[in-house]
$ cat my_file34.txt   # compact mmCIF, C-alpha atoms
# COMPACT_ATOMS: atom_id res chain seq x y z
CA MET A 1 -19.04 0.08 16.73
CA SER A 2 -16.65 -2.37 15.18
CA ASN A 3 -13.33 -0.70 14.39
CA GLN A 4 -12.01 -2.08 11.13
CA LYS A 5 -9.49 -1.33 8.46
CA ARG A 6 -9.08 -2.73 5.01
CA ILE A 7 -5.86 -3.20 3.07
CA GLY A 8 -5.79 -3.44 -0.73
CA LYS A 9 -2.54 -5.20 -1.60
CA LEU A 10 -0.86 -7.13 1.17
CA GLY A 11 2.78 -6.25 0.69
CA LEU A 12 5.17 -4.58 3.08
CA ILE A 13 3.12 -1.41 3.58
CA GLY A 14 -0.19 -3.26 3.93
CA ARG A 15 1.16 -5.62 6.56
CA SER A 16 2.75 -2.70 8.39
CA TRP A 17 -0.56 -0.84 8.52
CA ALA A 18 -2.22 -4.01 9.84
CA MET A 19 0.22 -4.22 12.75
CA LEU A 20 -0.08 -0.53 13.52
CA PHE A 21 -3.87 -0.51 13.63
CA ALA A 22 -3.93 -3.69 15.72
CA SER A 23 -1.47 -2.08 18.14
CA GLY A 24 -4.09 0.61 18.75
CA GLY A 25 -6.74 -1.99 19.59
CA PHE A 26 -8.59 -1.83 16.27
CA GLN A 27 -10.07 -4.84 14.55
CA VAL A 28 -8.30 -5.23 11.22
CA LYS A 29 -9.58 -7.01 8.13
CA LEU A 30 -7.11 -7.74 5.35
CA TYR A 31 -8.41 -7.93 1.80
CA ASP A 32 -6.71 -8.82 -1.47
CA ILE A 33 -8.02 -10.08 -4.78
CA GLU A 34 -5.68 -13.06 -4.38
CA GLN A 35 -6.43 -15.35 -1.44
CA GLN A 36 -2.78 -16.41 -1.31
CA GLN A 37 -1.77 -12.81 -0.59
CA ILE A 38 -4.04 -12.79 2.46
CA THR A 39 -2.64 -16.10 3.68
CA SER A 40 0.94 -14.93 3.12
CA ALA A 41 0.30 -11.67 4.95
CA LEU A 42 -1.17 -13.42 7.98
CA ASP A 43 1.72 -15.90 7.98
CA SER A 44 4.25 -13.04 7.81
CA ILE A 45 2.60 -11.29 10.73
CA ARG A 46 2.42 -14.42 12.87
CA ARG A 47 5.84 -15.88 12.10
CA PRO A 48 8.96 -15.10 10.04
CA PRO A 49 9.06 -16.44 6.49
CA PRO A 50 11.53 -19.28 5.77
CA ARG A 51 13.60 -17.10 3.45
CA VAL A 52 13.82 -13.32 3.30
CA ASP A 53 14.45 -11.38 0.11
CA ASN A 54 13.38 -7.97 -1.16
CA ARG A 55 9.80 -9.18 -1.74
CA THR A 56 9.35 -10.75 1.70
CA GLN A 57 10.70 -8.07 4.00
CA GLY A 58 7.06 -7.40 4.90
CA LEU A 59 5.96 -6.10 8.20
CA ILE A 60 9.21 -4.18 8.72
CA HIS A 61 11.15 -6.90 10.55
CA ALA A 62 9.74 -9.75 8.46
CA ARG A 63 12.24 -12.03 10.10
CA LYS A 64 10.85 -11.24 13.51
CA GLU A 65 7.50 -12.50 14.61
CA MET A 66 5.37 -10.31 16.84
CA LYS A 67 6.42 -12.36 19.85
CA SER A 68 10.02 -11.37 19.18
CA LEU A 69 9.04 -7.71 18.99
CA GLU A 70 7.29 -8.11 22.32
CA GLN A 71 10.27 -9.82 23.92
CA CYS A 72 12.69 -7.10 22.87
CA GLY A 73 10.36 -4.31 23.98
CA ALA A 74 9.63 -3.07 20.46
CA LEU A 75 5.98 -4.07 20.20
CA LYS A 76 3.77 -1.01 19.93
CA GLY A 77 0.63 -0.44 21.97
CA SER A 78 -0.56 -1.66 25.36
CA LEU A 79 -1.93 -5.00 24.17
CA SER A 80 0.11 -8.20 24.12
CA ALA A 81 1.25 -9.77 20.88
CA GLU A 82 -1.42 -12.46 21.18
CA GLN A 83 -4.11 -9.85 21.77
CA GLN A 84 -3.00 -7.85 18.73
CA LEU A 85 -2.81 -10.95 16.54
CA SER A 86 -6.35 -11.86 17.50
CA LEU A 87 -7.55 -8.56 16.02
CA ILE A 88 -6.18 -9.29 12.53
CA SER A 89 -8.11 -11.48 10.12
CA GLY A 90 -8.38 -12.01 6.37
CA CYS A 91 -11.40 -11.60 4.12
CA ALA A 92 -11.76 -12.77 0.52
CA ASN A 93 -14.82 -10.63 -0.26
CA ILE A 94 -14.37 -6.86 -0.53
CA ALA A 95 -17.95 -6.06 0.49
CA GLU A 96 -17.57 -8.16 3.63
CA ALA A 97 -14.15 -6.67 4.30
CA VAL A 98 -15.43 -3.08 4.43
CA GLU A 99 -18.71 -3.79 6.24
CA GLY A 100 -18.82 -1.74 9.45
CA ALA A 101 -15.45 -0.11 8.73
CA VAL A 102 -14.55 3.33 10.05
CA HIS A 103 -11.32 3.62 8.04
CA ILE A 104 -10.18 1.93 4.81
CA GLN A 105 -6.49 2.05 3.90
CA GLU A 106 -5.62 1.19 0.30
CA CYS A 107 -2.15 -0.19 -0.40
CA VAL A 108 -2.11 -1.41 -4.01
CA PRO A 109 0.94 -0.69 -6.25
CA GLU A 110 1.61 2.84 -7.51
CA ASN A 111 -0.56 2.58 -10.60
CA LEU A 112 -3.09 5.37 -11.07
CA GLU A 113 -5.64 3.38 -13.06
CA LEU A 114 -5.48 0.45 -10.64
CA LYS A 115 -5.98 2.71 -7.63
CA LYS A 116 -8.85 4.58 -9.32
CA LYS A 117 -10.52 1.26 -10.04
CA ILE A 118 -10.24 0.26 -6.37
CA PHE A 119 -11.65 3.56 -5.12
CA THR A 120 -14.49 3.50 -7.62
CA GLN A 121 -15.40 0.06 -6.31
CA LEU A 122 -15.18 1.22 -2.70
CA ASP A 123 -17.20 4.34 -3.51
CA GLY A 124 -20.16 2.13 -4.33
CA LEU A 125 -19.86 0.10 -1.14
CA VAL A 126 -19.39 2.61 1.67
CA ASP A 127 -21.69 4.99 3.52
CA ASP A 128 -21.07 8.64 4.43
CA ARG A 129 -19.10 7.85 7.59
CA VAL A 130 -16.06 5.82 6.52
CA VAL A 131 -12.75 7.44 5.57
CA LEU A 132 -11.25 6.30 2.26
CA SER A 133 -7.48 6.62 2.50
CA SER A 134 -4.65 5.88 0.06
CA SER A 135 -1.04 5.03 0.91
CA THR A 136 0.24 6.51 -2.36
CA SER A 137 3.62 8.19 -2.23
CA CYS A 138 3.32 10.23 -5.41
CA LEU A 139 -0.19 10.29 -6.95
CA LEU A 140 -2.11 13.53 -6.46
CA PRO A 141 -5.49 13.24 -4.68
CA SER A 142 -7.17 15.34 -7.41
CA LYS A 143 -6.29 12.63 -9.94
CA LEU A 144 -6.76 9.67 -7.61
CA PHE A 145 -10.24 10.49 -6.28
CA VAL A 146 -11.72 12.20 -9.33
CA GLY A 147 -15.44 11.61 -9.85
CA LEU A 148 -16.12 9.83 -6.57
CA ALA A 149 -19.43 10.43 -4.79
CA HIS A 150 -17.67 10.23 -1.40
CA VAL A 151 -14.77 12.50 -2.33
CA LYS A 152 -15.22 14.53 0.87
CA GLN A 153 -14.23 11.39 2.77
CA CYS A 154 -11.09 10.77 0.69
CA ILE A 155 -7.53 11.52 1.75
CA VAL A 156 -3.97 10.39 1.14
CA ALA A 157 -2.13 9.00 4.19
CA HIS A 158 1.41 8.45 2.93
CA PRO A 159 3.58 6.44 5.35
CA VAL A 160 7.37 6.24 5.39
CA ASN A 161 9.20 2.95 4.96
CA PRO A 162 9.41 1.13 7.32
CA PRO A 163 6.21 2.48 8.92
CA TYR A 164 6.48 0.47 12.14
CA TYR A 165 9.63 2.37 13.19
CA VAL A 166 9.33 5.59 11.17
CA PRO A 167 6.11 7.16 12.45
CA LEU A 168 5.64 10.03 10.00
CA VAL A 169 2.50 9.98 7.86
CA GLU A 170 1.72 12.75 5.36
CA LEU A 171 -1.98 13.62 5.19
CA VAL A 172 -2.78 15.14 1.79
CA PRO A 173 -6.35 16.24 1.01
CA HIS A 174 -8.27 16.35 -2.23
CA PRO A 175 -9.47 19.92 -2.89
CA GLU A 176 -12.95 18.74 -1.76
CA THR A 177 -11.83 16.69 1.26
CA SER A 178 -13.78 17.84 4.29
CA PRO A 179 -11.92 19.23 7.34
CA ALA A 180 -13.64 16.51 9.39
CA THR A 181 -11.95 13.80 7.29
CA MET A 182 -8.56 15.37 7.89
CA ASP A 183 -9.26 15.73 11.62
CA ARG A 184 -10.54 12.17 12.01
CA THR A 185 -7.59 10.66 10.17
CA HIS A 186 -5.12 12.80 12.12
CA ALA A 187 -6.65 11.69 15.43
CA LEU A 188 -6.72 8.04 14.41
CA LEU A 189 -3.06 8.03 13.43
CA ARG A 190 -2.08 9.77 16.65
CA LYS A 191 -3.98 7.09 18.56
CA ILE A 192 -1.91 4.30 16.97
CA GLY A 193 1.38 6.08 17.72
CA GLN A 194 2.15 7.64 14.34
CA SER A 195 3.16 11.26 13.69
CA PRO A 196 0.74 12.66 11.11
CA VAL A 197 1.44 16.00 9.42
CA ARG A 198 -1.18 18.06 7.61
CA VAL A 199 -0.20 18.99 4.06
CA LEU A 200 -2.54 21.94 3.58
CA ARG A 201 -2.95 21.51 -0.17
CA GLU A 202 -1.75 18.96 -2.69
CA ILE A 203 1.58 19.41 -4.40
CA ASP A 204 3.57 17.02 -6.57
CA GLY A 205 5.87 14.94 -4.36
CA PHE A 206 4.02 16.03 -1.20
CA VAL A 207 6.50 17.32 1.43
CA LEU A 208 8.77 14.41 2.34
CA ASN A 209 9.74 13.50 -1.21
CA ARG A 210 10.28 17.13 -2.20
CA LEU A 211 12.77 17.47 0.66
CA GLN A 212 14.29 14.07 -0.09
CA TYR A 213 14.68 14.82 -3.79
CA ALA A 214 16.30 18.19 -3.04
CA ILE A 215 18.93 16.39 -0.95
CA ILE A 216 19.42 13.65 -3.56
CA SER A 217 19.75 16.25 -6.32
CA GLU A 218 22.56 18.19 -4.65
CA ALA A 219 24.21 14.97 -3.41
CA TRP A 220 24.27 13.68 -6.98
CA ARG A 221 25.73 16.90 -8.36
CA LEU A 222 28.50 16.93 -5.72
CA VAL A 223 29.49 13.36 -6.57
CA GLU A 224 29.18 13.81 -10.34
CA GLU A 225 31.33 16.95 -10.28
CA GLY A 226 34.04 15.19 -8.27
CA ILE A 227 33.61 17.29 -5.13
CA VAL A 228 33.22 14.31 -2.80
CA SER A 229 33.12 10.52 -3.02
CA PRO A 230 29.80 8.66 -2.67
CA SER A 231 30.83 7.09 0.64
CA ASP A 232 31.93 10.41 2.14
CA LEU A 233 28.74 12.06 0.87
CA ASP A 234 26.68 9.52 2.81
CA LEU A 235 28.88 10.12 5.86
CA VAL A 236 28.07 13.84 5.75
CA MET A 237 24.43 12.91 6.24
CA SER A 238 24.68 9.91 8.60
CA ASP A 239 27.32 11.40 10.91
CA GLY A 240 26.48 15.06 10.35
CA LEU A 241 23.12 16.46 9.35
CA GLY A 242 21.26 13.24 10.11
CA MET A 243 22.39 13.27 13.73
CA ARG A 244 20.52 16.53 14.32
CA TYR A 245 17.63 15.84 12.00
CA ALA A 246 16.76 12.65 13.86
CA PHE A 247 15.55 14.88 16.69
CA ILE A 248 14.92 18.36 15.30
CA GLY A 249 14.07 19.62 11.81
CA PRO A 250 15.94 22.13 9.62
CA LEU A 251 13.89 25.10 10.77
CA GLU A 252 14.42 24.41 14.47
CA THR A 253 18.10 23.77 13.72
CA MET A 254 18.30 27.30 12.29
CA HIS A 255 16.44 28.62 15.34
CA LEU A 256 18.90 26.99 17.75
CA ASN A 257 22.06 27.79 15.78
CA ALA A 258 21.64 31.49 16.57
CA GLU A 259 19.60 33.53 18.99
CA GLY A 260 16.39 32.47 17.29
CA MET A 261 15.24 32.43 13.66
CA ILE A 262 15.41 36.20 13.14
CA SER A 263 18.99 36.25 14.39
CA TYR A 264 19.93 33.32 12.16
CA CYS A 265 18.53 34.91 9.02
CA ASP A 266 20.13 38.25 9.83
CA ARG A 267 23.49 36.50 10.12
CA TYR A 268 23.40 33.85 7.45
CA SER A 269 20.78 34.61 4.79
CA GLU A 270 23.23 36.36 2.44
CA GLY A 271 25.68 33.47 2.67
CA MET A 272 22.90 30.95 2.04
CA LYS A 273 21.72 32.85 -1.03
CA ARG A 274 25.28 33.03 -2.38
CA VAL A 275 25.71 29.24 -2.08
CA LEU A 276 22.23 28.48 -3.41
CA LYS A 277 22.99 30.45 -6.57
CA THR A 278 25.78 27.97 -7.33
CA PHE A 279 23.42 24.97 -7.38
CA GLY A 280 23.29 23.37 -10.79
CA PRO A 281 20.40 22.07 -12.93
CA ILE A 282 18.40 18.95 -12.26
CA PRO A 283 20.76 15.97 -12.61
CA GLU A 284 20.29 13.67 -15.61
CA PHE A 285 21.37 10.63 -13.54
CA SER A 286 23.64 9.56 -16.38
CA ARG A 287 24.58 5.91 -16.67
CA ALA A 288 28.25 6.70 -16.06
CA THR A 289 27.54 8.35 -12.72
CA VAL A 290 25.02 5.66 -11.76
CA GLU A 291 27.66 2.99 -12.32
CA LYS A 292 30.28 4.98 -10.41
CA VAL A 293 28.00 5.43 -7.41
CA ASN A 294 26.89 1.81 -7.54
CA GLN A 295 30.47 0.58 -7.63
CA ASP A 296 31.35 2.64 -4.57
CA LEU A 297 28.28 1.50 -2.65
CA CYS A 298 28.90 -2.17 -3.51
CA LEU A 299 32.26 -1.97 -1.76
CA LYS A 300 30.27 -1.48 1.43
CA VAL A 301 27.11 -3.41 0.60
CA PRO A 302 27.28 -5.81 -2.37
CA ASP A 303 24.05 -5.68 -4.37
CA ASP A 304 23.21 -9.37 -4.20
CA PRO A 305 19.96 -10.32 -2.38
CA GLY A 306 21.71 -11.74 0.68
CA HIS A 307 23.85 -8.72 1.45
CA LEU A 308 21.03 -6.27 0.73
CA ALA A 309 18.65 -8.18 3.01
CA ALA A 310 21.21 -8.25 5.81
CA ARG A 311 21.83 -4.52 5.48
CA ARG A 312 18.09 -3.80 5.53
CA GLN A 313 17.82 -5.88 8.68
CA TRP A 314 20.64 -3.87 10.27
CA ARG A 315 18.93 -0.63 9.19
CA ASP A 316 15.63 -1.68 10.70
CA ASP A 317 17.31 -2.76 13.95
CA CYS A 318 18.94 0.68 14.14
CA LEU A 319 15.61 2.39 13.49
CA MET A 320 14.00 0.29 16.22
CA ARG A 321 16.64 1.39 18.73
CA LEU A 322 16.40 5.01 17.57
CA ALA A 323 12.62 4.96 17.95
CA LYS A 324 12.97 3.68 21.51
CA LEU A 325 15.57 6.37 22.27
CA LYS A 326 13.37 9.12 20.85
CA SER A 327 10.49 7.98 23.05
CA GLN A 328 12.75 8.32 26.08
CA VAL A 329 14.10 11.79 25.32
CA GLN A 330 10.97 13.65 24.29
CA PRO A 331 11.14 17.25 25.60
CA GLN A 332 8.96 18.12 28.56

$ encode --input "my_file34.txt" --output "structure tokens"
Amino acid sequence: MSNQKRIGKLGLIGRSWAMLFASGGFQVKLYDIEQQQITSALDSIRRPPPRVDNRTQGLIHARKEMKSLEQCGALKGSLSAEQQLSLISGCANIAEAVEGAVHIQECVPENLELKKKIFTQLDGLVDDRVVLSSSTSCLLPSKLFVGLAHVKQCIVAHPVNPPYYVPLVELVPHPETSPATMDRTHALLRKIGQSPVRVLREIDGFVLNRLQYAIISEAWRLVEEGIVSPSDLDLVMSDGLGMRYAFIGPLETMHLNAEGMISYCDRYSEGMKRVLKTFGPIPEFSRATVEKVNQDLCLKVPDDPGHLAARRQWRDDCLMRLAKLKSQVQPQ
């Protein structure tokens, strides 16, 4: 059977999915309502664009062609860059794009009505075997897939930016999603080197953003109340918590910081509850604090396109090296 995947809007996430599926040996068909988007996506995958800004970061290291990834040992999968490139093609007709597909990955902007329109269209084109998957980061499956005949085949597969170096994918089911759809998608993502997690039922923000927003919320309060500067706050994460969390999560950290989880909770639960009671309300993200934080951050990274692009490139290079290190130090 032909192994295919379809992408809705060919931006950063769509191009990243294309590379990931090709790395696993799957034939990939790119689809967009605008032919120029398909052409641009293929050009971005095959060679770096002439100028990089926030819109053309695409494909993680948009400035690096796949050959460069191969040369520096960062290309995923067992196939060569040329072999992977040969698996990726564009298609201007949606019916042709999804013909014979086993998995369809939608990547249009975060607009509920737009996504519903796409899935309604797909619902009328597919059979009972293909998985219909959305890359949404915030829209609930119960709202996204409402009224579809193939709802049992629908699932959210939310990647993390940049997906080529950050392997986590949150799998979030619709209440009627079949277990087989979850299992198939989980297995497929494992095959292409990602780290899928099963969110057992839908919840606003899924898991990653709920954790991320909890950190942002307390970080904001600490800065707004004058407890710590923005730059030192970031240092607490990058040179403190983040060092551990790059390899083990918060629950395993608790487990290792005592003689197991039971020991940790016996020792520290009262102290944690005391501190948690001092947490304030949801921040308002007032303009005054926004400007204060922005001013501090601009001392390190000015917010013009050139400096931001250079910093993103540095970030992605660091993530590439971290990904390689993590692959070398996996526990036995």

$ closest_residue --input "my_file34.txt" --among "A:Ala149, A:Ile282, A:Met243, A:Leu20" --to "Gln105 of chain A" --atoms "all atoms listed in the file"
A:Leu20

$ closest_residue --input "my_file34.txt" --among "A:Thr278, A:Ser137, A:Asn111, A:Thr289" --to "Arg210 of chain A" --atoms "all atoms listed in the file"
A:Ser137

$ closest_residue --input "my_file34.txt" --among "A:Leu75, A:Leu297, A:Ile88, A:Ala101" --to "Ser229 of chain A" --atoms "only C-alpha atoms"
A:Leu297

$ residues_around --input "my_file34.txt" --residues "segment 116-121 of chain A" --least-positions-apart "5" --cutoff "7 Å" --atoms "all atoms listed in the file" --output "count of residues only"
3

$ closest_residue --input "my_file34.txt" --among "A:Ala309, A:Met272, A:Val146, A:His103" --to "Leu188 of chain A" --atoms "all atoms listed in the file"
A:His103

$ atom_distance --input "my_file34.txt" --atom1 "atom CA of His158 of chain A" --atom2 "atom CA of Gly249 of chain A"
19.1 Å

$ residues_around --input "my_file34.txt" --residues "Ala180 of chain A" --least-positions-apart "6" --cutoff "10 Å" --atoms "only C-alpha atoms" --output "list in words"
Val131, Lys152, Gln153 and His186 of chain A

$ write_last_selection --input "my_file34.txt" --atoms "C-alpha atoms" --output "compact mmCIF listing (two decimals), keeping the file's coordinate frame"
# COMPACT_ATOMS: atom_id res chain seq x y z
CA VAL A 131 -12.75 7.44 5.57
CA LYS A 152 -15.22 14.53 0.87
CA GLN A 153 -14.23 11.39 2.77
CA HIS A 186 -5.12 12.80 12.12

$ atom_distance --input "my_file34.txt" --atom1 "atom CA of Tyr268 of chain A" --atom2 "atom CA of Met254 of chain A"
9.6 Å

$ closest_residue --input "my_file34.txt" --among "A:Cys72, A:Val199, A:Val275, A:Ala214" --to "Asp317 of chain A" --atoms "only C-alpha atoms"
A:Cys72

$ atom_distance --input "my_file34.txt" --atom1 "atom CA of Lys324 of chain A" --atom2 "atom CA of Ser16 of chain A"
17.8 Å

$ closest_residue --input "my_file34.txt" --among "A:Leu233, A:Leu256, A:Val126, A:Leu276" --to "Ile94 of chain A" --atoms "only C-alpha atoms"
A:Val126

$ closest_atom_pairs --input "my_file34.txt" --of "segment 67-120 of chain A" --to "segment 21-31 of chain A" --cutoff "6 Å" --atoms "only C-alpha atoms" --output "CSV"
residue,atom,partner,partner_atom,distance
A:Lys76,CA,A:Ser23,CA,5.6
A:Gly77,CA,A:Ser23,CA,4.7
A:Gln84,CA,A:Ala22,CA,5.2
A:Leu87,CA,A:Gln27,CA,4.7
A:Ile88,CA,A:Val28,CA,4.8
A:Ser89,CA,A:Lys29,CA,5.1
A:Gly90,CA,A:Leu30,CA,4.6
A:Cys91,CA,A:Tyr31,CA,5.3
A:Ala97,CA,A:Lys29,CA,6.0

$ axis_aligned_box --input "my_file34.txt" --around "segment 15-27 of chain A" --padding-each-side "5 Å" --output "AutoDock Vina command-line options"
--center_x -3.7 --center_y -2.5 --center_z 13.1 --size_x 22.8 --size_y 16.2 --size_z 23.0

$ decode --input "my_file34.txt" --residues "segment 237-256 of chain A" --atoms "N, CA, C and O atoms" --output "mmCIF file, in the first residue's frame"
data_model
loop_
_atom_site.group_PDB
_atom_site.id
_atom_site.type_symbol
_atom_site.label_atom_id
_atom_site.label_comp_id
_atom_site.auth_asym_id
_atom_site.auth_seq_id
_atom_site.Cartn_x
_atom_site.Cartn_y
_atom_site.Cartn_z
ATOM 1 N N MET A 237 15.320 28.834 35.093
ATOM 2 C CA MET A 237 14.857 27.710 34.279
ATOM 3 C C MET A 237 15.984 27.116 33.445
ATOM 4 O O MET A 237 16.229 25.908 33.474
ATOM 5 N N SER A 238 16.717 27.959 32.688
ATOM 6 C CA SER A 238 17.709 27.429 31.741
ATOM 7 C C SER A 238 18.895 26.775 32.436
ATOM 8 O O SER A 238 19.425 25.774 31.946
ATOM 9 N N ASP A 239 19.317 27.321 33.572
ATOM 10 C CA ASP A 239 20.471 26.769 34.283
ATOM 11 C C ASP A 239 20.081 26.049 35.564
ATOM 12 O O ASP A 239 20.954 25.660 36.348
ATOM 13 N N GLY A 240 18.792 25.873 35.782
ATOM 14 C CA GLY A 240 18.323 25.179 36.978
ATOM 15 C C GLY A 240 17.367 24.062 36.621
ATOM 16 O O GLY A 240 17.786 22.959 36.264
ATOM 17 N N LEU A 241 16.076 24.353 36.706
ATOM 18 C CA LEU A 241 15.072 23.326 36.452
ATOM 19 C C LEU A 241 15.209 22.693 35.073
ATOM 20 O O LEU A 241 15.064 21.481 34.915
ATOM 21 N N GLY A 242 15.483 23.529 34.065
ATOM 22 C CA GLY A 242 15.560 23.012 32.703
ATOM 23 C C GLY A 242 16.656 21.989 32.499
ATOM 24 O O GLY A 242 16.531 21.107 31.641
ATOM 25 N N MET A 243 17.735 22.101 33.258
ATOM 26 C CA MET A 243 18.829 21.131 33.130
ATOM 27 C C MET A 243 18.342 19.721 33.456
ATOM 28 O O MET A 243 18.677 18.757 32.775
ATOM 29 N N ARG A 244 17.532 19.614 34.518
ATOM 30 C CA ARG A 244 17.002 18.293 34.889
ATOM 31 C C ARG A 244 15.878 17.882 33.969
ATOM 32 O O ARG A 244 15.801 16.721 33.531
ATOM 33 N N TYR A 245 14.993 18.837 33.667
ATOM 34 C CA TYR A 245 13.805 18.497 32.906
ATOM 35 C C TYR A 245 14.108 18.129 31.464
ATOM 36 O O TYR A 245 13.240 17.584 30.770
ATOM 37 N N ALA A 246 15.297 18.413 30.991
ATOM 38 C CA ALA A 246 15.678 17.978 29.640
ATOM 39 C C ALA A 246 15.834 16.466 29.579
ATOM 40 O O ALA A 246 15.806 15.885 28.490
ATOM 41 N N PHE A 247 15.970 15.824 30.739
ATOM 42 C CA PHE A 247 16.197 14.378 30.755
ATOM 43 C C PHE A 247 15.171 13.608 31.574
ATOM 44 O O PHE A 247 14.849 12.466 31.257
ATOM 45 N N ILE A 248 14.670 14.227 32.639
ATOM 46 C CA ILE A 248 13.643 13.570 33.443
ATOM 47 C C ILE A 248 12.552 14.585 33.785
ATOM 48 O O ILE A 248 12.813 15.784 33.868
ATOM 49 N N GLY A 249 11.333 14.121 33.966
ATOM 50 C CA GLY A 249 10.212 14.997 34.244
ATOM 51 C C GLY A 249 10.085 15.350 35.718
ATOM 52 O O GLY A 249 10.854 14.871 36.556
ATOM 53 N N PRO A 250 9.093 16.178 36.074
ATOM 54 C CA PRO A 250 8.943 16.612 37.468
ATOM 55 C C PRO A 250 8.607 15.482 38.429
ATOM 56 O O PRO A 250 9.034 15.507 39.580
ATOM 57 N N LEU A 251 7.864 14.491 37.953
ATOM 58 C CA LEU A 251 7.503 13.390 38.859
ATOM 59 C C LEU A 251 8.704 12.498 39.148
ATOM 60 O O LEU A 251 8.928 12.092 40.304
ATOM 61 N N GLU A 252 9.492 12.201 38.117
ATOM 62 C CA GLU A 252 10.697 11.399 38.365
ATOM 63 C C GLU A 252 11.713 12.198 39.178
ATOM 64 O O GLU A 252 12.456 11.623 39.991
ATOM 65 N N THR A 253 11.756 13.511 38.976
ATOM 66 C CA THR A 253 12.639 14.349 39.791
ATOM 67 C C THR A 253 12.277 14.208 41.264
ATOM 68 O O THR A 253 13.161 14.063 42.127
ATOM 69 N N MET A 254 10.991 14.240 41.579
ATOM 70 C CA MET A 254 10.554 14.030 42.964
ATOM 71 C C MET A 254 10.995 12.663 43.449
ATOM 72 O O MET A 254 11.514 12.523 44.563
ATOM 73 N N HIS A 255 10.808 11.652 42.616
ATOM 74 C CA HIS A 255 11.139 10.272 42.959
ATOM 75 C C HIS A 255 12.622 10.119 43.312
ATOM 76 O O HIS A 255 12.983 9.405 44.256
ATOM 77 N N LEU A 256 13.474 10.828 42.551
ATOM 78 C CA LEU A 256 14.920 10.703 42.745
ATOM 79 C C LEU A 256 15.456 11.612 43.840
ATOM 80 O O LEU A 256 16.553 11.373 44.350
#
